[in-house]
>>> print(open('model-v9.cif').read())   # mmCIF, C-alpha atoms and all ligand atoms
data_entry
#
loop_
_atom_site.label_atom_id
_atom_site.label_comp_id
_atom_site.auth_asym_id
_atom_site.auth_seq_id
_atom_site.Cartn_x
_atom_site.Cartn_y
_atom_site.Cartn_z
CA MET K 88 7.61 11.21 -11.84
CA LYS K 89 11.37 11.24 -11.38
CA PRO K 90 12.95 8.56 -9.20
CA THR K 91 15.64 9.11 -6.65
CA VAL K 92 18.65 7.59 -8.42
CA LYS K 93 21.16 5.76 -6.24
CA LYS K 94 24.38 4.83 -8.01
CA TYR K 95 26.84 2.14 -6.95
CA LYS K 96 30.13 0.92 -8.35
CA THR K 97 29.14 -2.73 -8.73
CA PRO K 98 26.03 -4.93 -8.51
CA ILE K 99 27.43 -6.27 -5.23
CA GLU K 100 27.76 -2.79 -3.72
CA LEU K 101 24.27 -2.02 -4.93
CA SER K 102 22.97 -5.18 -3.30
CA GLU K 103 24.83 -4.43 -0.06
CA ALA K 104 23.19 -1.00 0.07
CA PHE K 105 19.77 -2.39 -0.64
CA ALA K 106 20.15 -5.12 1.98
CA ALA K 107 21.23 -2.56 4.59
CA GLU K 108 18.20 -0.45 3.70
CA LEU K 109 15.91 -3.44 4.07
CA LYS K 110 17.35 -4.09 7.52
CA ASN K 111 16.65 -0.44 8.44
CA ILE K 112 13.10 -0.65 7.16
CA MET K 113 12.51 -3.74 9.29
CA TYR K 114 14.25 -2.21 12.31
CA GLU K 115 12.36 1.08 12.17
CA ARG K 116 9.02 -0.56 11.71
CA PRO K 117 6.81 -0.26 14.84
CA VAL K 118 6.80 -3.56 16.78
CA ASP K 119 3.07 -4.03 16.70
CA ARG K 120 2.69 -3.46 12.97
CA SER K 121 1.64 -6.22 10.69
CA ASN K 122 4.13 -7.86 8.34
CA VAL K 123 5.88 -5.95 5.57
CA ASN K 124 4.64 -7.12 2.17
CA ILE K 125 7.42 -7.26 -0.37
CA VAL K 126 7.10 -8.13 -4.05
CA LEU K 127 10.20 -9.74 -5.54
CA SER K 128 11.46 -9.73 -9.09
CA GLY K 129 13.32 -12.22 -11.20
CA GLY K 130 16.51 -11.36 -13.05
CA SER K 131 20.22 -11.26 -12.50
CA THR K 132 20.53 -8.44 -9.94
CA PRO K 133 18.06 -9.90 -7.43
CA LYS K 134 20.09 -13.10 -7.52
CA ILE K 135 23.09 -11.14 -6.21
CA LEU K 136 20.89 -9.40 -3.65
CA PHE K 137 19.55 -12.75 -2.42
CA ASN K 138 23.11 -14.00 -1.98
CA VAL K 139 24.01 -10.95 0.09
CA LEU K 140 20.86 -11.26 2.17
CA SER K 141 21.33 -14.95 2.90
CA GLU K 142 25.05 -14.66 3.63
CA GLU K 143 25.03 -11.50 5.70
CA TYR K 144 21.50 -10.91 6.92
CA ALA K 145 20.11 -14.35 7.72
CA GLU K 146 20.34 -13.53 11.44
CA LYS K 147 19.97 -9.76 11.20
CA ILE K 148 16.50 -9.51 9.71
CA ASP K 149 13.35 -10.78 11.36
CA TRP K 150 12.14 -12.78 8.36
CA GLU K 151 8.98 -13.80 10.19
CA LYS K 152 7.83 -10.23 9.71
CA ILE K 153 8.15 -10.27 5.92
CA ASN K 154 5.67 -11.68 3.43
CA PHE K 155 7.10 -12.35 0.01
CA PHE K 156 5.11 -12.10 -3.21
CA TRP K 157 6.30 -12.04 -6.82
CA GLY K 158 5.81 -9.43 -9.52
CA ASP K 159 5.97 -12.01 -12.24
CA GLU K 160 6.64 -15.65 -12.92
CA ARG K 161 7.47 -17.74 -15.93
CA CYS K 162 4.97 -20.56 -16.54
CA VAL K 163 7.36 -23.37 -15.68
CA LEU K 164 7.91 -25.81 -12.83
CA PRO K 165 9.52 -24.37 -9.68
CA THR K 166 12.49 -26.67 -10.34
CA ASP K 167 13.05 -25.18 -13.80
CA GLU K 168 16.06 -22.86 -14.12
CA GLU K 169 13.73 -20.19 -15.47
CA SER K 170 11.51 -20.13 -12.37
CA ASN K 171 11.72 -16.86 -10.44
CA TYR K 172 10.43 -18.61 -7.33
CA GLY K 173 12.95 -21.43 -7.82
CA MET K 174 15.80 -18.93 -8.05
CA THR K 175 14.65 -17.15 -4.89
CA LYS K 176 14.24 -20.44 -3.05
CA LYS K 177 17.74 -21.55 -3.97
CA TYR K 178 19.54 -18.30 -3.18
CA LEU K 179 17.47 -16.96 -0.29
CA LEU K 180 14.47 -18.85 1.08
CA ASP K 181 16.31 -22.12 1.75
CA LYS K 182 18.93 -20.24 3.73
CA ILE K 183 16.80 -18.15 6.08
CA GLU K 184 14.25 -18.89 8.79
CA ILE K 185 10.98 -17.84 7.21
CA PRO K 186 7.61 -19.49 7.81
CA GLU K 187 6.08 -21.20 4.79
CA ARG K 188 2.92 -19.13 5.27
CA ASN K 189 4.87 -15.94 4.50
CA ILE K 190 5.80 -17.15 1.03
CA HIS K 191 3.25 -16.42 -1.65
CA ARG K 192 4.56 -17.78 -4.89
CA ILE K 193 2.93 -17.65 -8.29
CA VAL K 194 2.37 -21.28 -9.17
CA GLY K 195 4.04 -21.32 -12.58
CA GLU K 196 3.08 -24.91 -13.29
CA ASN K 197 -0.66 -24.19 -13.08
CA GLN K 198 -2.80 -23.39 -16.11
CA PRO K 199 -1.85 -19.70 -16.73
CA GLU K 200 -5.31 -18.04 -16.90
CA ARG K 201 -6.55 -19.90 -13.85
CA GLU K 202 -3.34 -19.15 -11.96
CA ALA K 203 -3.59 -15.43 -12.73
CA ASP K 204 -7.06 -15.44 -11.12
CA ARG K 205 -5.97 -17.65 -8.23
CA TYR K 206 -2.95 -15.47 -7.44
CA ALA K 207 -5.12 -12.35 -7.54
CA ARG K 208 -7.35 -14.03 -4.93
CA GLU K 209 -4.35 -15.02 -2.82
CA ILE K 210 -3.18 -11.40 -2.86
CA ASP K 211 -6.68 -10.23 -2.03
CA GLU K 212 -6.88 -12.55 0.98
CA ASN K 213 -3.48 -11.55 2.32
CA ILE K 214 -3.00 -7.87 1.60
CA LEU K 215 -5.25 -6.07 3.98
CA THR K 216 -4.39 -2.58 2.81
CA ILE K 217 -6.52 -1.71 -0.17
CA SER K 218 -6.66 1.67 -1.85
CA ASN K 219 -8.26 2.55 -5.19
CA GLY K 220 -9.85 -0.89 -4.97
CA LEU K 221 -6.44 -2.52 -5.42
CA PRO K 222 -3.90 -4.08 -3.06
CA GLU K 223 -1.26 -1.77 -1.69
CA PHE K 224 2.09 -3.52 -1.34
CA ASP K 225 4.73 -2.00 0.93
CA ILE K 226 7.64 -2.55 -1.46
CA ILE K 227 7.84 -3.70 -5.06
CA ILE K 228 11.27 -4.61 -6.39
CA LEU K 229 11.51 -4.44 -10.16
CA GLY K 230 14.08 -5.10 -12.85
CA MET K 231 14.09 -3.79 -16.38
CA GLY K 232 14.84 -5.72 -19.56
CA THR K 233 16.84 -4.31 -22.48
CA ASP K 234 13.50 -3.83 -24.29
CA GLY K 235 12.19 -1.74 -21.37
CA HIS K 236 9.90 -4.40 -19.97
CA THR K 237 9.33 -4.64 -16.27
CA ALA K 238 7.75 -7.46 -14.29
CA SER K 239 6.32 -9.25 -17.35
CA ILE K 240 4.77 -6.17 -18.90
CA PHE K 241 6.36 -6.02 -22.35
CA PRO K 242 6.34 -3.05 -24.77
CA ASN K 243 3.61 -4.66 -26.90
CA LYS K 244 1.30 -4.85 -23.87
CA LEU K 245 1.33 -1.35 -22.45
CA GLU K 246 -2.42 -1.68 -21.95
CA LEU K 247 -1.61 -3.71 -18.84
CA PHE K 248 -1.18 -0.31 -17.20
CA ASN K 249 -4.90 0.29 -17.72
CA SER K 250 -6.14 -3.10 -16.59
CA ASP K 251 -8.31 -3.27 -13.48
CA LYS K 252 -7.23 -6.83 -12.84
CA VAL K 253 -4.57 -7.60 -10.27
CA CYS K 254 -2.79 -10.24 -12.36
CA ALA K 255 -2.67 -11.09 -16.04
CA VAL K 256 -1.20 -13.69 -18.36
CA ALA K 257 1.62 -12.32 -20.51
CA GLU K 258 3.73 -13.74 -23.27
CA HIS K 259 7.38 -13.06 -23.95
CA PRO K 260 7.33 -11.33 -27.38
CA SER K 261 10.21 -13.29 -28.88
CA THR K 262 10.20 -16.67 -27.12
CA GLY K 263 6.41 -16.90 -26.70
CA GLN K 264 6.97 -18.11 -23.14
CA LYS K 265 3.84 -17.61 -21.03
CA ARG K 266 4.18 -15.62 -17.87
CA ILE K 267 1.99 -14.32 -15.12
CA THR K 268 2.45 -10.73 -14.07
CA LEU K 269 1.07 -8.12 -11.73
CA THR K 270 -0.60 -5.38 -13.72
CA GLY K 271 0.52 -1.76 -13.92
CA LYS K 272 -2.07 -0.29 -11.57
CA VAL K 273 -1.01 -2.66 -8.79
CA ILE K 274 2.60 -1.60 -9.24
CA LYS K 275 1.58 2.06 -9.21
CA ASN K 276 -0.52 1.53 -6.10
CA SER K 277 2.38 0.39 -3.94
CA LYS K 278 4.02 2.49 -1.24
CA ARG K 279 7.52 2.08 -2.58
CA VAL K 280 8.81 1.03 -6.01
CA ILE K 281 12.47 0.09 -6.23
CA PHE K 282 14.16 -0.69 -9.54
CA MET K 283 17.44 -2.60 -9.52
CA ILE K 284 19.25 -2.13 -12.83
CA THR K 285 22.77 -3.17 -13.70
CA GLY K 286 25.03 -3.68 -16.70
CA ASN K 287 26.25 -1.91 -19.85
CA GLU K 288 23.38 -3.20 -21.95
CA LYS K 289 20.90 -1.16 -19.86
CA ALA K 290 22.80 2.14 -20.12
CA GLU K 291 20.99 3.53 -23.14
CA ILE K 292 17.51 2.73 -21.96
CA VAL K 293 18.30 4.06 -18.48
CA LYS K 294 19.29 7.38 -20.07
CA ASN K 295 16.26 7.39 -22.38
CA ILE K 296 13.81 6.89 -19.56
CA LEU K 297 15.42 9.14 -16.96
CA GLU K 298 16.00 11.95 -19.44
CA LYS K 299 12.73 11.38 -21.29
CA LYS K 300 14.44 11.07 -24.64
CA LYS K 301 12.32 10.68 -27.77
CA GLY K 302 10.52 7.33 -27.80
CA TYR K 303 10.80 6.70 -24.06
CA GLU K 304 7.01 6.33 -23.91
CA LYS K 305 7.19 2.91 -25.46
CA TYR K 306 9.00 1.43 -22.46
CA PRO K 307 6.79 -0.16 -19.80
CA ALA K 308 9.38 0.62 -17.13
CA ALA K 309 8.74 4.34 -17.75
CA TYR K 310 5.24 3.96 -16.27
CA ALA K 311 6.08 1.76 -13.29
CA PHE K 312 6.26 4.41 -10.59
CA PRO K 313 4.08 4.82 -7.51
CA GLU K 314 1.19 7.28 -7.77
CA ASP K 315 1.81 8.30 -4.22
CA GLY K 316 4.90 6.82 -2.66
CA ILE K 317 8.68 6.43 -2.71
CA TYR K 318 10.29 5.84 -6.09
CA GLU K 319 13.92 4.77 -6.33
CA TRP K 320 16.34 3.43 -8.92
CA TYR K 321 19.32 1.47 -7.62
CA ILE K 322 21.74 1.33 -10.54
CA ASP K 323 25.37 0.36 -11.03
CA GLU K 324 28.10 2.39 -12.71
CA LYS K 325 27.73 0.51 -16.00
CA ALA K 326 24.00 1.11 -16.31
CA ALA K 327 24.56 4.75 -15.29
CA LYS K 328 27.45 5.42 -17.68
CA LEU K 329 25.51 7.63 -20.12
CA LEU K 330 23.86 9.82 -17.51
C1 LIG K 401 11.69 -11.62 -15.17
C2 LIG K 401 11.59 -10.28 -14.59
C3 LIG K 401 12.04 -9.15 -15.42
C4 LIG K 401 13.48 -8.83 -15.06
C5 LIG K 401 14.14 -8.04 -16.15
C6 LIG K 401 15.58 -7.71 -15.84
O1 LIG K 401 11.32 -12.54 -14.48
O2 LIG K 401 12.15 -11.73 -16.31
O3 LIG K 401 11.03 -10.08 -13.40
O4 LIG K 401 11.23 -8.05 -15.40
O5 LIG K 401 13.51 -8.14 -13.86
O6 LIG K 401 14.08 -8.79 -17.33
O7 LIG K 401 16.33 -8.87 -15.76
P1 LIG K 401 17.90 -8.84 -15.61
O8 LIG K 401 18.18 -8.28 -14.23
O9 LIG K 401 18.31 -10.29 -15.68
O10 LIG K 401 18.42 -8.00 -16.69
#
>>> encode(input="model-v9.cif", output="structure tokens", more="lines below")
Ligand code: 6PG
Amino acid sequence: MKPTVKKYKTPIELSEAFAAELKNIMYERPVDRSNVNIVLSGGSTPKILFNVLSEEYAEKIDWEKINFFWGDERCVLPTDEESNYGMTKKYLLDKIEIPERNIHRIVGENQPEREADRYAREIDENILTISNGLPEFDIIILGMGTDGHTASIFPNKLELFNSDKVCAVAEHPSTGQKRITLTGKVIKNSKRVIFMITGNEKAEIVKNILEKKKGYEKYPAAYAFPEDGIYEWYIDEKAAKLL
């Protein structure tokens, strides 16, 4: 499935566009509807997005109507620089009015296997929309690594796209760092998948995946599209330079 590709000059412009879109989504949503369930990603671009959201949209978005989940987490304390939750807390959550009950973090300091099961249960208890036996998130924001990984599904673990579990324990192939990640089917089950990709170092892989160049099948990001939903790539000029 081909995404709708949205190109921006800089990561800030990209983040501004995404933030404006999020405001529209929240504004257009019928008043009586339940909260919008959004899965966040770690990485450098979301950090910029969180800055834009907290500086310009703290008062413009009804944060009470958003539930935040995470697509992956490093198995570290929330105070560790590597923590995706910690980064989000610092750049966004501490600066907006959002009830604690809306924040569903992966507890990176827990024992990984047990936490993967616990988080799957937390998702199960909170996401009421189920299809294909799996939770259906409204929006999943994803990044992509230079090796083509997304969430914490790395190229040596493509089988996570066939798993029937909601969450799994993953390991960074070079550092060995443990992580907890949503599995591929959960990503594919969501209503909207949005990739945010920036920087020169992503240009080649962006081209390979979008143009289905030889070998693109080895990249997990190539499979992370919704089976039945909206699929978008927000990319900056640098990441788009070979297209
Ligand atoms: C993580 C991620 C991961 C990330 C990509 C891109 O926690 O590592 O969720 O999938 O999105 O590695 O990261 P950058 O935006 O920093 O390149």
>>> closest_residue(input="model-v9.cif", among="K:Pro90, K:Asn243, K:Leu140, K:Ala327", to="Glu108 (chain K)", atoms="only C-alpha atoms")
K:Leu140
>>> atom_distance(input="model-v9.cif", atom1="CA of Lys278 (chain K)", atom2="CA of Tyr318 (chain K)")
8.6 Å
>>> residues_near_ligand(input="model-v9.cif", ligand="ligand LIG 401 (chain K)", cutoff="8 Å", atoms="all atoms listed in the file", output="list in words")
Leu127, Ser128, Gly129, Gly130, Ser131, Thr132, Pro133, Gly158, Asp159, Glu160, Arg161, Ser170, Asn171, Leu229, Gly230, Met231, Gly232, Thr233, His236, Thr237, Ala238, Ser239, Ile240, Met283, Ile284, Thr285, Gly286 and Lys289 of chain K
>>> atom_distance(input="model-v9.cif", atom1="CA of Ser277 (chain K)", atom2="CA of Asn249 (chain K)")
15.6 Å
>>> closest_residue(input="model-v9.cif", among="K:Ala326, K:Arg201, K:Gly235, K:Glu314", to="Ile296 (chain K)", atoms="all atoms listed in the file")
K:Gly235
>>> atom_distance(input="model-v9.cif", atom1="CA of Asn154 (chain K)", atom2="CA of Ile125 (chain K)")
6.1 Å
>>> closest_residue(input="model-v9.cif", among="K:Leu164, K:Ile214, K:Val139, K:Ile292", to="Val123 (chain K)", atoms="only C-alpha atoms")
K:Ile214
>>> closest_residue(input="model-v9.cif", among="K:Asp251, K:Glu196, K:Glu212, K:Glu115", to="Ile274 (chain K)", atoms="all atoms listed in the file")
K:Asp251
>>> residues_around(input="model-v9.cif", residues="Lys275 (chain K)", least_positions_apart="6", cutoff="9 Å", atoms="only C-alpha atoms", output="ChimeraX atom specification")
/K:223,248,310-316
>>> closest_residue(input="model-v9.cif", among="K:Arg279, K:Arg116, K:Arg266, K:Lys300", to="Pro199 (chain K)", atoms="only C-alpha atoms")
K:Arg266
>>> closest_residue(input="model-v9.cif", among="K:Trp320, K:Tyr306, K:Phe224, K:Tyr178", to="Ile135 (chain K)", atoms="all atoms listed in the file")
K:Tyr178
>>> build_atoms(input="model-v9.cif", residues="region 218-233 of chain K", atoms="N, CA and C atoms", output="PDB file, in the coordinates of the input")
ATOM      1  N   SER K 218      -6.268   0.299  -1.507  1.00  0.00           N
ATOM      2  CA  SER K 218      -6.660   1.670  -1.850  1.00  0.00           C
ATOM      3  C   SER K 218      -6.933   1.675  -3.347  1.00  0.00           C
ATOM      4  N   ASN K 219      -7.786   2.529  -3.789  1.00  0.00           N
ATOM      5  CA  ASN K 219      -8.260   2.550  -5.190  1.00  0.00           C
ATOM      6  C   ASN K 219      -8.806   1.192  -5.595  1.00  0.00           C
ATOM      7  N   GLY K 220      -9.295   0.421  -4.649  1.00  0.00           N
ATOM      8  CA  GLY K 220      -9.850  -0.890  -4.970  1.00  0.00           C
ATOM      9  C   GLY K 220      -8.778  -1.937  -5.280  1.00  0.00           C
ATOM     10  N   LEU K 221      -7.529  -1.585  -5.095  1.00  0.00           N
ATOM     11  CA  LEU K 221      -6.440  -2.520  -5.420  1.00  0.00           C
ATOM     12  C   LEU K 221      -5.526  -2.715  -4.213  1.00  0.00           C
ATOM     13  N   PRO K 222      -4.821  -3.852  -4.187  1.00  0.00           N
ATOM     14  CA  PRO K 222      -3.900  -4.080  -3.060  1.00  0.00           C
ATOM     15  C   PRO K 222      -2.793  -3.044  -3.044  1.00  0.00           C
ATOM     16  N   GLU K 223      -2.357  -2.730  -1.824  1.00  0.00           N
ATOM     17  CA  GLU K 223      -1.260  -1.770  -1.690  1.00  0.00           C
ATOM     18  C   GLU K 223      -0.064  -2.479  -1.047  1.00  0.00           C
ATOM     19  N   PHE K 224       0.890  -2.869  -1.870  1.00  0.00           N
ATOM     20  CA  PHE K 224       2.090  -3.520  -1.340  1.00  0.00           C
ATOM     21  C   PHE K 224       2.989  -2.477  -0.691  1.00  0.00           C
ATOM     22  N   ASP K 225       3.796  -2.928   0.282  1.00  0.00           N
ATOM     23  CA  ASP K 225       4.730  -2.000   0.930  1.00  0.00           C
ATOM     24  C   ASP K 225       5.906  -1.686   0.008  1.00  0.00           C
ATOM     25  N   ILE K 226       6.460  -2.736  -0.592  1.00  0.00           N
ATOM     26  CA  ILE K 226       7.640  -2.550  -1.460  1.00  0.00           C
ATOM     27  C   ILE K 226       7.497  -3.439  -2.687  1.00  0.00           C
ATOM     28  N   ILE K 227       7.745  -2.874  -3.851  1.00  0.00           N
ATOM     29  CA  ILE K 227       7.840  -3.700  -5.060  1.00  0.00           C
ATOM     30  C   ILE K 227       9.237  -3.520  -5.632  1.00  0.00           C
ATOM     31  N   ILE K 228       9.944  -4.640  -5.768  1.00  0.00           N
ATOM     32  CA  ILE K 228      11.270  -4.610  -6.390  1.00  0.00           C
ATOM     33  C   ILE K 228      11.081  -4.984  -7.857  1.00  0.00           C
ATOM     34  N   LEU K 229      11.655  -4.177  -8.731  1.00  0.00           N
ATOM     35  CA  LEU K 229      11.510  -4.440 -10.160  1.00  0.00           C
ATOM     36  C   LEU K 229      12.857  -4.439 -10.867  1.00  0.00           C
ATOM     37  N   GLY K 230      12.936  -5.181 -11.949  1.00  0.00           N
ATOM     38  CA  GLY K 230      14.080  -5.100 -12.850  1.00  0.00           C
ATOM     39  C   GLY K 230      13.583  -4.498 -14.154  1.00  0.00           C
ATOM     40  N   MET K 231      14.495  -4.284 -15.063  1.00  0.00           N
ATOM     41  CA  MET K 231      14.090  -3.790 -16.380  1.00  0.00           C
ATOM     42  C   MET K 231      14.878  -4.540 -17.450  1.00  0.00           C
ATOM     43  N   GLY K 232      14.174  -5.033 -18.454  1.00  0.00           N
ATOM     44  CA  GLY K 232      14.840  -5.720 -19.560  1.00  0.00           C
ATOM     45  C   GLY K 232      15.418  -4.730 -20.547  1.00  0.00           C
ATOM     46  N   THR K 233      16.225  -5.208 -21.491  1.00  0.00           N
ATOM     47  CA  THR K 233      16.840  -4.310 -22.480  1.00  0.00           C
ATOM     48  C   THR K 233      15.783  -3.752 -23.446  1.00  0.00           C
TER      49      THR K 233
END
